[in-house]
>>> print(open('work01.cif').read())   # mmCIF, C-alpha atoms
data_my_file
loop_
_atom_site.label_atom_id
_atom_site.label_comp_id
_atom_site.auth_asym_id
_atom_site.auth_seq_id
_atom_site.Cartn_x
_atom_site.Cartn_y
_atom_site.Cartn_z
CA MET V 5 68.69 -70.62 -4.14
CA THR V 6 65.90 -72.95 -3.01
CA ILE V 7 66.90 -72.30 0.59
CA ALA V 8 66.65 -68.54 0.00
CA ILE V 9 63.11 -68.91 -1.38
CA TYR V 10 62.11 -71.07 1.57
CA ALA V 11 63.60 -68.55 4.00
CA ALA V 12 61.73 -65.71 2.30
CA ALA V 13 58.45 -67.65 2.26
CA ILE V 14 58.70 -68.65 5.93
CA LEU V 15 59.76 -65.19 7.06
CA LEU V 16 57.02 -63.38 5.16
CA LEU V 17 54.46 -65.95 6.25
CA ALA V 18 55.43 -65.32 9.88
CA VAL V 19 55.22 -61.54 9.44
CA SER V 20 51.86 -61.91 7.73
CA PHE V 21 50.59 -64.17 10.51
CA VAL V 22 51.56 -61.69 13.21
CA LYS V 23 49.96 -58.80 11.34
CA ASP V 24 46.72 -60.44 10.29
CA ARG V 25 45.76 -64.05 10.90
CA SER V 26 42.69 -64.18 8.71
CA LYS V 27 44.49 -62.58 5.77
CA THR V 28 47.26 -65.14 6.18
CA ARG V 29 44.72 -67.93 6.14
CA ILE V 30 43.25 -66.54 2.91
CA ALA V 31 46.76 -66.30 1.40
CA LEU V 32 47.46 -69.95 2.20
CA LYS V 33 44.08 -70.98 0.82
CA LYS V 34 44.83 -69.10 -2.39
CA ALA V 35 48.28 -70.68 -2.58
CA TRP V 36 46.80 -74.15 -2.26
CA LYS V 37 44.02 -73.41 -4.75
CA ALA V 38 46.50 -72.09 -7.33
CA PHE V 39 48.69 -75.15 -6.84
CA GLU V 40 45.79 -77.60 -6.99
CA ASN V 41 44.47 -75.93 -10.15
CA ILE V 42 47.61 -76.71 -12.11
CA LEU V 43 48.67 -79.95 -10.39
CA PRO V 44 47.09 -82.28 -13.00
CA GLN V 45 49.04 -80.58 -15.80
CA PHE V 46 52.24 -80.53 -13.74
CA LEU V 47 51.99 -84.28 -13.11
CA GLY V 48 51.32 -85.10 -16.75
CA VAL V 49 54.22 -82.92 -17.89
CA LEU V 50 56.63 -84.56 -15.43
CA VAL V 51 55.79 -88.07 -16.67
CA LEU V 52 55.98 -86.96 -20.30
CA ALA V 53 59.32 -85.23 -19.69
CA GLY V 54 60.60 -88.39 -17.98
CA ILE V 55 59.79 -90.47 -21.06
CA VAL V 56 61.29 -87.95 -23.47
CA ILE V 57 64.50 -87.44 -21.49
CA ALA V 58 64.95 -91.19 -21.09
CA ALA V 59 64.56 -91.64 -24.84
CA LEU V 60 66.83 -88.73 -25.72
CA ASP V 61 69.96 -89.54 -23.72
CA PRO V 62 73.21 -87.66 -24.48
CA ALA V 63 74.28 -90.39 -26.92
CA THR V 64 71.09 -90.02 -28.98
CA ILE V 65 71.31 -86.23 -28.87
CA SER V 66 74.88 -86.27 -30.13
CA ARG V 67 73.90 -88.67 -32.91
CA ILE V 68 71.37 -86.10 -34.13
CA ILE V 69 73.47 -82.98 -33.65
CA GLY V 70 77.07 -84.09 -33.51
CA GLY V 71 79.40 -84.06 -36.51
CA GLU V 72 76.61 -83.01 -38.84
CA SER V 73 76.74 -79.47 -40.01
CA GLY V 74 74.75 -76.93 -41.96
CA TRP V 75 71.13 -75.96 -41.60
CA LEU V 76 69.77 -79.49 -41.47
CA GLY V 77 71.87 -80.26 -38.40
CA THR V 78 70.78 -76.94 -36.94
CA LEU V 79 67.14 -77.80 -37.55
CA GLY V 80 67.65 -81.17 -35.84
CA ALA V 81 69.38 -79.45 -32.93
CA ALA V 82 66.57 -76.92 -32.62
CA LEU V 83 63.96 -79.69 -32.63
CA VAL V 84 65.80 -81.70 -29.98
CA GLY V 85 66.11 -78.56 -27.85
CA ALA V 86 62.44 -77.72 -28.27
CA ILE V 87 61.29 -81.18 -27.21
CA THR V 88 63.64 -81.83 -24.31
CA LEU V 89 63.23 -80.30 -20.93
CA VAL V 90 66.53 -80.34 -19.13
CA PRO V 91 67.77 -77.76 -16.67
CA GLY V 92 70.68 -75.61 -17.84
CA PHE V 93 73.13 -77.08 -15.38
CA ILE V 94 72.72 -80.43 -17.16
CA ALA V 95 72.34 -79.02 -20.68
CA PHE V 96 75.46 -76.81 -20.70
CA PRO V 97 77.91 -79.62 -19.91
CA ILE V 98 76.25 -81.76 -22.62
CA ALA V 99 76.50 -78.87 -25.09
CA ALA V 100 80.17 -78.32 -24.21
CA LEU V 101 80.85 -82.02 -24.72
CA LEU V 102 79.10 -81.97 -28.10
CA LEU V 103 81.20 -78.98 -29.15
CA GLN V 104 84.37 -80.88 -28.28
CA ASN V 105 83.10 -83.82 -30.31
CA GLY V 106 82.72 -81.87 -33.51
CA ALA V 107 79.29 -80.24 -33.36
CA GLY V 108 79.27 -76.72 -34.77
CA TYR V 109 78.48 -73.52 -32.88
CA MET V 110 75.38 -73.00 -34.99
CA GLN V 111 73.88 -76.33 -33.95
CA ILE V 112 74.79 -75.91 -30.30
CA ALA V 113 73.40 -72.38 -30.18
CA ALA V 114 70.13 -73.52 -31.77
CA PHE V 115 69.94 -76.38 -29.27
CA VAL V 116 70.61 -74.19 -26.21
CA SER V 117 68.24 -71.45 -27.37
CA THR V 118 65.22 -73.66 -28.14
CA LEU V 119 65.93 -75.72 -25.04
CA MET V 120 65.32 -72.67 -22.90
CA MET V 121 62.72 -70.73 -24.86
CA VAL V 122 60.57 -73.43 -26.46
CA GLY V 123 58.68 -75.98 -24.40
CA VAL V 124 56.92 -78.75 -26.28
CA VAL V 125 56.67 -80.92 -23.18
CA THR V 126 55.48 -78.07 -20.96
CA PHE V 127 52.99 -76.94 -23.61
CA PRO V 128 49.96 -78.38 -21.73
CA VAL V 129 50.80 -76.22 -18.70
CA GLU V 130 51.41 -73.11 -20.78
CA ARG V 131 48.19 -73.68 -22.69
CA SER V 132 46.10 -73.74 -19.52
CA TYR V 133 47.43 -70.30 -18.62
CA PHE V 134 47.61 -68.49 -21.97
CA GLY V 135 45.24 -70.43 -24.22
CA THR V 136 46.23 -72.55 -27.22
CA ALA V 137 46.68 -69.78 -29.77
CA THR V 138 48.93 -67.60 -27.63
CA ALA V 139 51.00 -70.52 -26.34
CA LEU V 140 51.49 -71.77 -29.91
CA ARG V 141 52.47 -68.31 -31.07
CA ARG V 142 54.96 -67.76 -28.26
CA ASN V 143 56.68 -71.09 -28.88
CA GLY V 144 56.61 -70.63 -32.66
CA ILE V 145 58.20 -67.18 -32.56
CA ALA V 146 60.80 -68.34 -30.04
CA PHE V 147 61.65 -71.30 -32.30
CA VAL V 148 62.23 -69.07 -35.31
CA PHE V 149 64.15 -66.56 -33.19
CA SER V 150 66.52 -69.35 -32.12
CA PHE V 151 67.74 -69.71 -35.71
CA LEU V 152 68.70 -66.05 -35.74
CA VAL V 153 70.57 -66.58 -32.48
CA ALA V 154 72.26 -69.65 -33.97
CA ALA V 155 73.36 -67.80 -37.10
CA VAL V 156 74.77 -64.83 -35.16
CA ILE V 157 76.61 -67.02 -32.66
CA ALA V 158 78.13 -69.05 -35.51
CA TRP V 159 79.21 -65.80 -37.18
CA VAL V 160 80.65 -64.36 -33.95
CA HIS V 161 82.83 -67.44 -33.56
CA THR V 162 84.35 -66.99 -37.02
CA ILE V 163 85.66 -63.49 -36.30
CA MET R 4 28.91 -91.14 -12.12
CA LYS R 5 28.90 -88.20 -9.74
CA PRO R 6 29.71 -84.82 -11.34
CA ALA R 7 32.63 -84.26 -8.95
CA MET R 8 34.14 -87.59 -9.98
CA LYS R 9 33.64 -86.69 -13.63
CA THR R 10 35.44 -83.35 -13.23
CA LEU R 11 38.28 -85.09 -11.47
CA LEU R 12 38.64 -87.58 -14.31
CA ARG R 13 38.48 -84.84 -16.91
CA ARG R 14 41.11 -82.79 -15.13
CA TYR R 15 43.49 -85.69 -14.76
CA ARG R 16 42.97 -87.26 -18.18
CA PHE R 17 46.25 -85.85 -19.55
CA ALA R 18 48.22 -87.14 -16.55
CA ALA R 19 46.43 -90.50 -16.85
CA LEU R 20 47.27 -90.67 -20.54
CA THR R 21 50.99 -90.11 -19.88
CA LEU R 22 50.90 -92.85 -17.23
CA LEU R 23 49.27 -95.14 -19.78
CA VAL R 24 52.07 -94.39 -22.27
CA LEU R 25 54.62 -95.09 -19.55
CA GLY R 26 52.88 -98.38 -18.80
CA GLY R 27 52.93 -99.28 -22.48
CA LEU R 28 56.65 -98.49 -22.57
CA PHE R 29 57.25 -101.24 -19.99
CA LEU R 30 55.87 -103.75 -22.51
CA VAL R 31 58.20 -102.49 -25.26
CA ASP R 32 61.46 -101.59 -23.54
CA VAL R 33 61.81 -102.28 -19.82
CA ALA R 34 65.19 -100.56 -19.43
CA LEU R 35 63.94 -97.40 -21.11
CA ALA R 36 60.74 -97.44 -19.05
CA ARG R 37 62.74 -97.82 -15.82
CA GLN R 38 64.91 -94.91 -16.88
CA ALA R 39 61.78 -92.82 -17.59
CA VAL R 40 60.37 -93.65 -14.15
CA SER R 41 63.56 -92.62 -12.41
CA VAL R 42 63.73 -89.34 -14.36
CA THR R 43 60.09 -88.64 -13.52
CA ALA R 44 60.68 -89.42 -9.85
CA PHE R 45 63.66 -87.08 -9.84
CA SER R 46 61.74 -84.16 -11.37
CA LEU R 47 58.72 -84.86 -9.18
CA ARG R 48 60.96 -84.52 -6.14
CA GLU R 49 62.43 -81.34 -7.59
CA MET R 50 58.98 -79.92 -8.21
CA LEU R 51 57.71 -80.76 -4.71
CA LEU R 52 60.83 -79.13 -3.30
CA VAL R 53 60.93 -75.95 -5.39
CA VAL R 54 57.29 -75.18 -6.06
CA PRO R 55 55.55 -74.91 -2.61
CA PRO R 56 57.34 -71.76 -1.38
CA ILE R 57 56.70 -70.09 -4.76
CA PHE R 58 52.97 -70.63 -4.34
CA ILE R 59 53.05 -69.44 -0.73
CA LEU R 60 54.84 -66.25 -1.82
CA LEU R 61 52.25 -65.81 -4.57
CA GLY R 62 49.41 -66.23 -2.08
CA LEU R 63 50.95 -63.62 0.21
CA LEU R 64 51.53 -61.25 -2.70
CA ASP R 65 47.93 -61.69 -3.77
CA VAL R 66 46.60 -60.82 -0.32
CA TRP R 67 49.00 -58.08 0.78
CA VAL R 68 50.11 -56.13 -2.29
CA PRO R 69 47.41 -53.75 -3.50
CA ARG R 70 46.55 -53.80 -7.17
CA GLU R 71 47.37 -50.11 -7.55
CA ILE R 72 51.01 -50.71 -6.70
CA MET R 73 51.44 -53.46 -9.30
CA VAL R 74 49.63 -51.33 -11.88
CA ARG R 75 51.89 -48.39 -11.13
CA PHE R 76 55.09 -50.44 -11.39
CA MET R 77 54.30 -52.85 -14.21
CA GLY R 78 50.88 -51.88 -15.60
CA GLU R 79 49.89 -50.52 -19.01
CA LYS R 80 51.32 -47.08 -18.33
CA SER R 81 54.51 -48.15 -16.55
CA GLY R 82 56.68 -47.54 -19.64
CA ALA R 83 60.40 -48.29 -19.59
CA LYS R 84 60.35 -48.78 -15.82
CA GLY R 85 57.85 -51.60 -16.23
CA ILE R 86 59.95 -53.28 -18.92
CA VAL R 87 63.12 -53.14 -16.82
CA LEU R 88 61.29 -54.38 -13.74
CA ALA R 89 59.60 -57.26 -15.58
CA PHE R 90 62.94 -58.24 -17.11
CA THR R 91 64.72 -58.12 -13.76
CA CYS R 92 62.04 -60.20 -12.03
CA GLY R 93 62.31 -62.89 -14.70
CA ALA R 94 66.12 -62.86 -14.78
CA ALA R 95 66.40 -63.08 -11.00
CA ALA R 96 63.94 -65.97 -10.74
CA ALA R 97 64.83 -69.52 -9.90
CA GLY R 98 63.27 -72.74 -11.07
CA PRO R 99 62.06 -74.17 -14.35
CA LEU R 100 59.89 -72.28 -16.83
CA TYR R 101 56.68 -73.99 -15.73
CA GLY R 102 57.13 -72.17 -12.40
CA ALA R 103 56.82 -68.87 -14.26
CA PHE R 104 53.25 -69.44 -15.44
CA PRO R 105 51.58 -69.34 -11.99
CA VAL R 106 53.56 -66.17 -11.25
CA ALA R 107 52.30 -64.69 -14.52
CA ALA R 108 48.71 -65.54 -13.59
CA VAL R 109 48.84 -63.75 -10.23
CA LEU R 110 50.61 -60.72 -11.72
CA LEU R 111 48.06 -60.51 -14.56
CA LYS R 112 45.30 -60.58 -11.99
CA LYS R 113 47.04 -57.75 -10.15
CA GLY R 114 47.03 -55.53 -13.22
CA VAL R 115 50.49 -56.08 -14.72
CA SER R 116 50.32 -55.44 -18.47
CA ILE R 117 50.28 -58.41 -20.85
CA ARG R 118 53.40 -57.15 -22.63
CA ASN R 119 55.31 -57.05 -19.36
CA ILE R 120 54.07 -60.54 -18.50
CA PHE R 121 55.58 -61.86 -21.72
CA ILE R 122 58.83 -60.01 -20.99
CA LEU R 123 58.95 -61.73 -17.60
CA ILE R 124 58.25 -65.11 -19.20
CA GLY R 125 60.96 -64.51 -21.81
CA ALA R 126 63.56 -63.42 -19.27
CA TRP R 127 62.64 -66.32 -16.97
CA SER R 128 63.05 -68.78 -19.82
CA THR R 129 66.41 -67.76 -21.16
CA THR R 130 68.31 -64.96 -19.38
CA LYS R 131 68.40 -66.17 -15.78
CA ILE R 132 71.45 -64.69 -14.09
CA PRO R 133 72.70 -67.83 -12.27
CA MET R 134 72.38 -69.74 -15.57
CA LEU R 135 74.38 -67.08 -17.39
CA LEU R 136 77.40 -67.71 -15.17
CA PHE R 137 77.07 -71.40 -15.84
CA GLU R 138 76.78 -70.86 -19.56
CA MET R 139 79.90 -68.67 -19.61
CA GLU R 140 81.85 -71.33 -17.79
CA TYR R 141 80.89 -74.18 -20.13
CA LEU R 142 80.38 -72.53 -23.51
CA GLY R 143 82.59 -69.47 -23.12
CA PRO R 144 81.84 -65.78 -22.54
CA ARG R 145 81.65 -65.09 -26.26
CA PHE R 146 78.84 -67.61 -26.68
CA ALA R 147 76.93 -66.65 -23.53
CA LEU R 148 77.22 -62.87 -23.92
CA THR R 149 76.28 -62.92 -27.61
CA ARG R 150 73.19 -64.89 -26.70
CA LEU R 151 72.36 -62.46 -23.88
CA LEU R 152 72.81 -59.41 -26.12
CA LEU R 153 70.48 -60.94 -28.72
CA ASN R 154 67.97 -62.14 -26.15
CA ILE R 155 67.41 -58.78 -24.46
CA PRO R 156 65.97 -57.08 -27.57
CA GLY R 157 64.57 -60.43 -28.79
CA ILE R 158 62.48 -60.95 -25.67
CA ILE R 159 61.12 -57.41 -25.78
CA ILE R 160 60.25 -57.72 -29.48
CA ILE R 161 58.60 -61.13 -28.98
CA ALA R 162 56.57 -59.72 -26.07
CA TRP R 163 55.55 -56.77 -28.21
CA ILE R 164 54.46 -59.03 -31.09
CA LEU R 165 52.53 -61.36 -28.77
CA ASN R 166 50.79 -58.42 -27.14
CA ARG R 167 49.91 -56.78 -30.46
CA SER R 168 48.60 -60.00 -31.97
CA LEU R 169 46.05 -60.59 -29.20
CA SER R 170 42.49 -59.84 -30.24
CA PRO R 171 40.23 -58.23 -27.62
CA ALA R 172 38.53 -61.62 -27.17
CA HIS R 173 41.90 -63.36 -26.58
CA ARG R 174 42.87 -60.65 -24.15
CA GLU R 175 39.65 -61.19 -22.24
CA ASP R 176 40.23 -64.97 -22.26
CA LEU R 177 43.80 -64.56 -20.98
CA LEU R 178 42.73 -62.38 -18.05
CA HIS R 179 39.83 -64.70 -17.27
CA ARG R 180 42.13 -67.74 -17.19
CA ALA R 181 44.59 -65.89 -14.94
CA GLY R 182 41.81 -65.08 -12.50
CA GLU R 183 40.55 -68.66 -12.45
CA LEU R 184 43.95 -70.34 -12.13
CA ALA R 185 45.35 -67.95 -9.54
CA GLY R 186 42.49 -68.94 -7.22
CA LYS R 187 40.11 -66.05 -6.94
#
>>> encode(input="work01.cif", output="structure tokens")
Amino acid sequence: MTIAIYAAAILLLAVSFVKDRSKTRIALKKAWKAFENILPQFLGVLVLAGIVIAALDPATISRIIGGESGWLGTLGAALVGAITLVPGFIAFPIAALLLQNGAGYMQIAAFVSTLMMVGVVTFPVERSYFGTATALRRNGIAFVFSFLVAAVIAWVHTI
Amino acid sequence: MKPAMKTLLRRYRFAALTLLVLGGLFLVDVALARQAVSVTAFSLREMLLVVPPIFILLGLLDVWVPREIMVRFMGEKSGAKGIVLAFTCGAAAAGPLYGAFPVAAVLLKKGVSIRNIFILIGAWSTTKIPMLLFEMEYLGPRFALTRLLLNIPGIIIIAWILNRSLSPAHREDLLHRAGELAGK
């Protein structure tokens, strides 16, 4: 996937360069400016995420979510999901493992849903783009929505 | 202190603060701190690998695609077509959610409606197609497809709520920020 994006970027850059050099130079300047504008937030978020992920290893996560059941466990799962920032290809195997070790579908669904939709760690980046109020609202609604998702997925697995 | 230096410090204060916390962690728990450093290094490498072509594509889009086209496809009056297009763009995207925000900024600047921006953000966050396949494999099709079926209306409703709840002043602020951050 990364290779495809690189290929597209290089190809389009070449086409752009052939068609109009000065426009291409402006495009690159804009690209750099946009990157540089958000770089401080990106760096902070990466360090913060590093600390959080190190603290919340799979063992800790399963202690919070695993075995436990009911809404309290679901709330814990949703909170862990909201705080952590792990890519899906790491999160899904962890979630599958937790399921095998006795976590319920409701907890796992809440965890997966908030993991993807809610970003506590990435909040500083989101805030710079949307403003505090809107970023808070988006994350808040997504957090509540995840409980609906959790309830329905739990129900679907009983039928 | 020179003003430029001051701005630099102000801009990087959050990053500096996190580094300070990381430094403090070394005093408390060296193993944990080492782990945090290695995770940070890993995601830093990922970011430096994934992010540059996205910004180059955004720069090219900004320069070459006329505003009218974006307005026609995903602007205020684009209707169902705009919703489907915004959803597809988000679902087909690659990379972590923080990569979606710069894309949103450029598209906002180009006249894409705020509702459609939030649909793109929603789809990017949770209904990415490559991730769906992965989710089906690990958690089962019943789990993954139920989530997808809930997320499609959920994302549209959340986008609608977010759009409706913006006051004119917030709307203005959002567009202003997009213009600033996308590099005018």
>>> residues_near_point(input="work01.cif", point="(76.5, -62.6, -27.4)", cutoff="12 Å", atoms="all atoms listed in the file", output="ChimeraX atom specification")
/V:113,152-161 /R:130,135,138-139,142-156
>>> closest_residue(input="work01.cif", among="R:Met50, R:Leu88, R:Ile57, R:Leu23", to="Ile120 (chain R)", atoms="all atoms listed in the file")
R:Leu88
>>> resolve_selection(input="work01.cif", expression="the PyMOL selection byres ((chain R and resi 121-128) around 9)", output="PyMOL selection string")
(chain V and resi 120-122+142) or (chain R and resi 86+88-100+103-104+107+116-120+129-131+154-155+157-163+165-166)
>>> resolve_selection(input="work01.cif", expression="the PyMOL selection byres ((chain R) within 7 of (chain V))", output="PyMOL selection string")
chain R and resi 14-15+17-18+21-22+35+38-40+42-43+46-47+53+56+58-63+66+101+104+128-129+134+137-138+141-142+146+149-150+153+165+177+180-181+184-186
>>> residues_around(input="work01.cif", residues="Gly80 (chain V)", least_positions_apart="3", cutoff="12 Å", atoms="all atoms listed in the file", output="list in words")
Thr64, Ile65, Ser66, Arg67, Ile68, Ile69, Gly70, Glu72, Ser73, Gly74, Trp75, Leu76, Gly77, Leu83, Val84, Gly85, Ala86, Ile87, Ala107, Met110, Gln111, Ile112, Ala113, Ala114, Phe115, Thr118 and Phe151 of chain V
>>> atom_distance(input="work01.cif", atom1="CA of Ala82 (chain V)", atom2="CA of Leu28 (chain R)")
25.8 Å
>>> atom_distance(input="work01.cif", atom1="CA of Gly114 (chain R)", atom2="CA of Val74 (chain R)")
5.1 Å
>>> atom_distance(input="work01.cif", atom1="CA of Leu178 (chain R)", atom2="CA of Trp67 (chain R)")
20.3 Å
>>> resolve_selection(input="work01.cif", expression="the PyMOL selection byres ((chain R and resi 70) around 9)", output="number ranges by chain")
R: 65, 68-69, 71-75, 112-115
>>> write_last_selection(input="work01.cif", atoms="C-alpha atoms", output="compact mmCIF listing (two decimals), in the coordinates of the input")
# COMPACT_ATOMS: atom_id res chain seq x y z
CA ASP R 65 47.93 -61.69 -3.77
CA VAL R 68 50.11 -56.13 -2.29
CA PRO R 69 47.41 -53.75 -3.50
CA GLU R 71 47.37 -50.11 -7.55
CA ILE R 72 51.01 -50.71 -6.70
CA MET R 73 51.44 -53.46 -9.30
CA VAL R 74 49.63 -51.33 -11.88
CA ARG R 75 51.89 -48.39 -11.13
CA LYS R 112 45.30 -60.58 -11.99
CA LYS R 113 47.04 -57.75 -10.15
CA GLY R 114 47.03 -55.53 -13.22
CA VAL R 115 50.49 -56.08 -14.72
>>> closest_residue(input="work01.cif", among="R:Phe29, R:Leu136, R:Pro6, R:His179", to="Val109 (chain R)", atoms="all atoms listed in the file")
R:His179
>>> axis_aligned_box(input="work01.cif", around="region 9-12 of chain R", padding_each_side="3 Å", output="AutoDock Vina command-line options")
--center_x 36.1 --center_y -85.5 --center_z -12.9 --size_x 11.0 --size_y 10.2 --size_z 8.8
>>> build_atoms(input="work01.cif", residues="region 130-139 of chain V", atoms="all heavy atoms", output="compact mmCIF listing (two decimals), in the frame of the given file")
# COMPACT_ATOMS: atom_id res chain seq x y z
N GLU V 130 51.45 -74.46 -20.22
CA GLU V 130 51.41 -73.11 -20.78
C GLU V 130 50.04 -72.81 -21.39
O GLU V 130 49.50 -71.72 -21.25
CB GLU V 130 52.51 -72.97 -21.84
CG GLU V 130 52.62 -71.56 -22.39
CD GLU V 130 53.87 -71.35 -23.21
OE1 GLU V 130 54.72 -72.26 -23.27
OE2 GLU V 130 53.98 -70.26 -23.80
N ARG V 131 49.48 -73.84 -22.06
CA ARG V 131 48.19 -73.68 -22.69
C ARG V 131 47.08 -73.37 -21.69
O ARG V 131 46.20 -72.56 -21.95
CB ARG V 131 47.85 -74.97 -23.44
CG ARG V 131 46.86 -74.77 -24.54
CD ARG V 131 46.59 -76.09 -25.21
NE ARG V 131 45.74 -76.90 -24.34
CZ ARG V 131 45.00 -77.91 -24.80
NH1 ARG V 131 45.05 -78.22 -26.07
NH2 ARG V 131 44.25 -78.60 -23.98
N SER V 132 47.15 -74.02 -20.51
CA SER V 132 46.10 -73.74 -19.52
C SER V 132 46.14 -72.29 -19.08
O SER V 132 45.11 -71.72 -18.74
CB SER V 132 46.23 -74.60 -18.27
OG SER V 132 46.89 -75.77 -18.51
N TYR V 133 47.34 -71.69 -19.08
CA TYR V 133 47.43 -70.30 -18.62
C TYR V 133 47.15 -69.29 -19.73
O TYR V 133 46.46 -68.30 -19.50
CB TYR V 133 48.82 -70.03 -18.04
CG TYR V 133 48.97 -70.58 -16.64
CD1 TYR V 133 49.63 -71.77 -16.41
CD2 TYR V 133 48.43 -69.91 -15.55
CE1 TYR V 133 49.75 -72.29 -15.14
CE2 TYR V 133 48.54 -70.41 -14.27
CZ TYR V 133 49.21 -71.60 -14.07
OH TYR V 133 49.32 -72.11 -12.81
N PHE V 134 47.70 -69.52 -20.93
CA PHE V 134 47.61 -68.49 -21.97
C PHE V 134 46.62 -68.81 -23.07
O PHE V 134 46.35 -67.97 -23.92
CB PHE V 134 49.00 -68.27 -22.61
CG PHE V 134 50.01 -67.71 -21.66
CD1 PHE V 134 51.37 -67.95 -21.84
CD2 PHE V 134 49.62 -66.93 -20.58
CE1 PHE V 134 52.31 -67.43 -20.97
CE2 PHE V 134 50.55 -66.41 -19.69
CZ PHE V 134 51.89 -66.66 -19.89
N GLY V 135 46.10 -70.04 -23.10
CA GLY V 135 45.24 -70.43 -24.22
C GLY V 135 46.10 -71.01 -25.34
O GLY V 135 47.28 -70.70 -25.44
N THR V 136 45.47 -71.84 -26.18
CA THR V 136 46.23 -72.55 -27.22
C THR V 136 46.90 -71.61 -28.21
O THR V 136 48.10 -71.74 -28.50
CB THR V 136 45.30 -73.51 -27.98
OG1 THR V 136 44.56 -74.28 -27.04
CG2 THR V 136 46.09 -74.44 -28.88
N ALA V 137 46.15 -70.64 -28.71
CA ALA V 137 46.68 -69.78 -29.77
C ALA V 137 47.91 -69.02 -29.30
O ALA V 137 48.95 -69.00 -29.97
CB ALA V 137 45.59 -68.80 -30.21
N THR V 138 47.82 -68.41 -28.13
CA THR V 138 48.93 -67.60 -27.63
C THR V 138 50.14 -68.47 -27.30
O THR V 138 51.28 -68.10 -27.60
CB THR V 138 48.49 -66.80 -26.39
OG1 THR V 138 47.32 -66.06 -26.73
CG2 THR V 138 49.57 -65.85 -25.93
N ALA V 139 49.89 -69.63 -26.69
CA ALA V 139 51.00 -70.52 -26.34
C ALA V 139 51.70 -71.01 -27.61
O ALA V 139 52.94 -71.06 -27.68
CB ALA V 139 50.50 -71.70 -25.52
